[in-house]
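Okay, structure first, notes after.
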Amino acid sequence: MAPPSHIHSPNISNGDCDECAGASSLDGIPVIDLDILLNGDAQERSRAIRDLGRACEDWGFFMVVNHGVPEALQEAVMEACKELYSLPREEMAEYIAAGPKDPIRIGTGLFYSDVDDAVCRRDYVKMIAHPEFYCPAKPANLREITMEYSIRTRELLLELMQAIFKSLELDSGRISEALNLESCFQILVGNNYPPYAGSNQVMGISAHSDHGLLTLLFQNGVDGLEVKRNGQWLLAKPLPGSLFIITGDQLEIVSNGRYKAVVHRALVLGEQTRMSFVSMIGPCLDAIVEPVPELAWSAPQGMEFRGIKYRDYMEHQQSSRINKKAALDIVRVQHNILTSQGSPNNSTEAASAGYSHTN
């Protein structure tokens, strides 16, 4: 008998996923067992890679279990962030005044989003973790905790990227070299969503996609993350011990649109403060990101996206208003936005050349 699929429904009362398959379209978030993906026998690994590919293609969102990130470390990250948010404002002034390109930023946002017709409210800390690590000086234990967390989650996300490349039947080593993942960009983001007593609809952050390859997220036990699935919003409820994984814009570009960056948002629900902590990886900032040639060759429409330096894409996305996946329009081949050589090059030969000289 073939082993059961490793994509399962999360709403299981006894916590035993091994007997479940065929997740529903509304609440059947895929679950990937990292231990099986990496350490199973050949048949199990092959099936897990196919399941991972389906999760990326059909959802752009999944949970990962048996991931090796200790729960105690996750709790320590949350406690350190609580300490950070409680510091006097003058002790955070240097980071509050920071600009979008600075390696550490702390902020509070309260604004109206016409995308979701709602007030958005959150406190946040953003810190670049790779290729260089940056962290606020206080609280004293924040640096040690977040550095360990960044290393563990970066390793996890890079392992998932290798398996995702395999699910696309690509040479993972060649693609990793093209994106220079040894020098990948990584950012950590702590989010704090206080309860809101007003009468208007309130959100933490409005609908958007992430600019990187993959985003890992965990929360403090208070739900609020929603993902767009078949035109409907789904409130994501994690399995115990799981982490959320969100696909980003660069994965959509590299896969030539086969794996879509998922649109998601954060709600403020009830009277409890919601906290989340994010670890996101992207290509090296100076890597040219473009569709893999063989994926463009096999696609009826040819190349969906032109190449762009990841640094330029990120700066464009970060400088624009949050608006779902509008940032990807800058590289869609049917648009001429910000091209320096006229019309976007729609030849797969150009993409092939790009992957040969980026190594």
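In the structure tokens, chains take letters A, B, ... by order of appearance, with residues numbered from 1 within each chain and ligands from 1 in the order shown.
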
Closest-contact table, segment 104-210 of chain A side, partner segment 54-78 of chain A, 8 Å, counting only C-alpha atoms, as a Markdown table:
| residue | atom | partner | partner_atom | distance |
| --- | --- | --- | --- | --- |
| A:Leu142 | CA | A:Val77 | CA | 7.5 |
| A:Ile145 | CA | A:Val77 | CA | 6.3 |
| A:Thr146 | CA | A:Val77 | CA | 6.5 |
| A:Tyr149 | CA | A:Leu73 | CA | 7.0 |
| A:Arg152 | CA | A:Val69 | CA | 6.5 |
| A:Thr153 | CA | A:Val69 | CA | 7.2 |
| A:Leu156 | CA | A:His67 | CA | 7.2 |

- Write out as number ranges by chain each polymer residue whose atoms come within 7 Å of segment 237-248 of chain A, counting only C-alpha atoms; drop sequence neighbours fewer than 5 positions from it. A: 10, 60-65, 209-218, 223, 261-262

Could you save the residues just selected, with C-alpha atoms, as a PDB file, in the first residue's frame?
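Saved as selection12.pdb:
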ATOM      1  CA  PRO A  10      -5.493  21.027   9.969  1.00  0.00           C
ATOM      2  CA  GLY A  60       0.964  29.372  -1.965  1.00  0.00           C
ATOM      3  CA  PHE A  61       0.606  28.705   1.741  1.00  0.00           C
ATOM      4  CA  PHE A  62       1.133  25.731   4.026  1.00  0.00           C
ATOM      5  CA  MET A  63       2.101  24.630   7.502  1.00  0.00           C
ATOM      6  CA  VAL A  64       5.312  22.799   8.307  1.00  0.00           C
ATOM      7  CA  VAL A  65       5.634  20.367  11.208  1.00  0.00           C
ATOM      8  CA  SER A 209       2.046  39.640  -1.001  1.00  0.00           C
ATOM      9  CA  ASP A 210       5.611  39.393   0.338  1.00  0.00           C
ATOM     10  CA  HIS A 211       8.516  40.532  -1.824  1.00  0.00           C
ATOM     11  CA  GLY A 212      10.851  37.590  -1.053  1.00  0.00           C
ATOM     12  CA  LEU A 213      10.939  33.874  -1.821  1.00  0.00           C
ATOM     13  CA  LEU A 214       9.453  32.356   1.346  1.00  0.00           C
ATOM     14  CA  THR A 215       8.152  33.762   4.622  1.00  0.00           C
ATOM     15  CA  LEU A 216       7.929  31.818   7.881  1.00  0.00           C
ATOM     16  CA  LEU A 217       5.467  33.047  10.514  1.00  0.00           C
ATOM     17  CA  PHE A 218       4.390  32.019  13.985  1.00  0.00           C
ATOM     18  CA  ASP A 223      -5.530  34.093  15.388  1.00  0.00           C
ATOM     19  CA  ALA A 261       2.699  34.520  -4.318  1.00  0.00           C
ATOM     20  CA  VAL A 262      -0.257  34.327  -1.952  1.00  0.00           C
TER      21      VAL A 262
END

- Can you tell me, as a PyMOL selection string, what residues are no more than 12 Å from Ser46 of chain A when counting only C-alpha atoms, ignoring any on the same chain fewer than 2 positions away? chain A and resi 2-3+5-6+36-44+48-53+163-164+166-167+169

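Comparing A:Tyr193, A:Phe185, A:Trp233, A:Tyr259 by their smallest distance to Tyr310 of chain A, the closest is A:Phe185 (using only C-alpha atoms).
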
- All alpha helix (DSSP H) residues (DSSP, backbone) inside segment 241-333 of chain A, as a PyMOL selection string: chain A and resi 249-254+293-297+310-319

- Residue set, segment 236-336 of chain A restricted to strand (DSSP E), as JSON, numbers by chain: {"A": [243, 244, 245, 246, 247, 264, 265, 266, 267, 274, 275, 276, 277, 278, 279, 280, 281, 282, 288, 289, 308, 309]}

- What does the distance from atom CA of Val202 of chain A to atom CA of Glu79 of chain A come to in Å, to one decimal? 25.0 Å

- In terms of the shortest atom-to-atom distance over only C-alpha atoms, which of A:Leu269, A:Ile308, A:Val189, A:Leu234 is closest to Ile29 of chain A?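 Looking only at the distances to Ile29 of chain A, the closest residue turns out to be A:Leu234.
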
- Item | Minimum-distance residue to Asp286 of chain A, chosen among A:Ser183, A:Ser150, A:Ser86, A:Gln317 (using only C-alpha atoms) |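 Checking each candidate against Asp286 of chain A, we get A:Ser183 as the closest.
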
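Relative to atom CA of Glu83 of chain A, atom CA of Gly109 of chain A is found at 18.9 Å.
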
- If you measure from atom CA of Met280 of chain A to atom CA of Ala327 of chain A, what distance in Å do you get, rounded to one decimal?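 Pair atom CA of Met280 of chain A / atom CA of Ala327 of chain A returns 17.4 Å.
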
- Among the residues A:Arg311, A:Glu290, A:His264, A:Met92, the one that comes closest to Leu251 of chain A [using only C-alpha atoms]: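 The shortest atom-to-atom distance to Leu251 of chain A comes from A:Glu290.
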
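Closest approach to Glu182 of chain A among A:Leu87, A:Leu34, A:Val263, A:Arg154: A:Arg154, based on only C-alpha atoms.
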
- Within 10 Å of Phe165 of chain A, counting only C-alpha atoms, which residues show up once you throw out same-chain ones fewer than 4 positions away? Write them as number ranges by chain, please. A: 49, 53, 160-161, 169-176, 251, 254-255

Atoms to include: C-alpha atoms. Write the selected residues as a PDB file, in the first residue's frame.
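Below is the file that was written, selection17.pdb:
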ATOM      1  CA  ILE A  49       8.236  16.798  -2.720  1.00  0.00           C
ATOM      2  CA  GLY A  53       4.797  21.380  -5.116  1.00  0.00           C
ATOM      3  CA  LEU A 160      12.341  24.094   1.721  1.00  0.00           C
ATOM      4  CA  MET A 161      13.613  26.077  -1.280  1.00  0.00           C
ATOM      5  CA  GLU A 169      12.102  19.283 -11.697  1.00  0.00           C
ATOM      6  CA  LEU A 170      14.916  21.823 -11.667  1.00  0.00           C
ATOM      7  CA  ASP A 171      18.595  21.528 -10.832  1.00  0.00           C
ATOM      8  CA  SER A 172      18.431  22.996  -7.330  1.00  0.00           C
ATOM      9  CA  GLY A 173      22.158  23.657  -7.227  1.00  0.00           C
ATOM     10  CA  ARG A 174      22.108  25.682 -10.434  1.00  0.00           C
ATOM     11  CA  ILE A 175      19.117  27.793  -9.364  1.00  0.00           C
ATOM     12  CA  SER A 176      20.604  28.370  -5.903  1.00  0.00           C
ATOM     13  CA  LEU A 251       9.175  32.533  -6.180  1.00  0.00           C
ATOM     14  CA  VAL A 254      11.445  32.288 -10.768  1.00  0.00           C
ATOM     15  CA  SER A 255       8.704  29.698 -11.407  1.00  0.00           C
TER      16      SER A 255
END
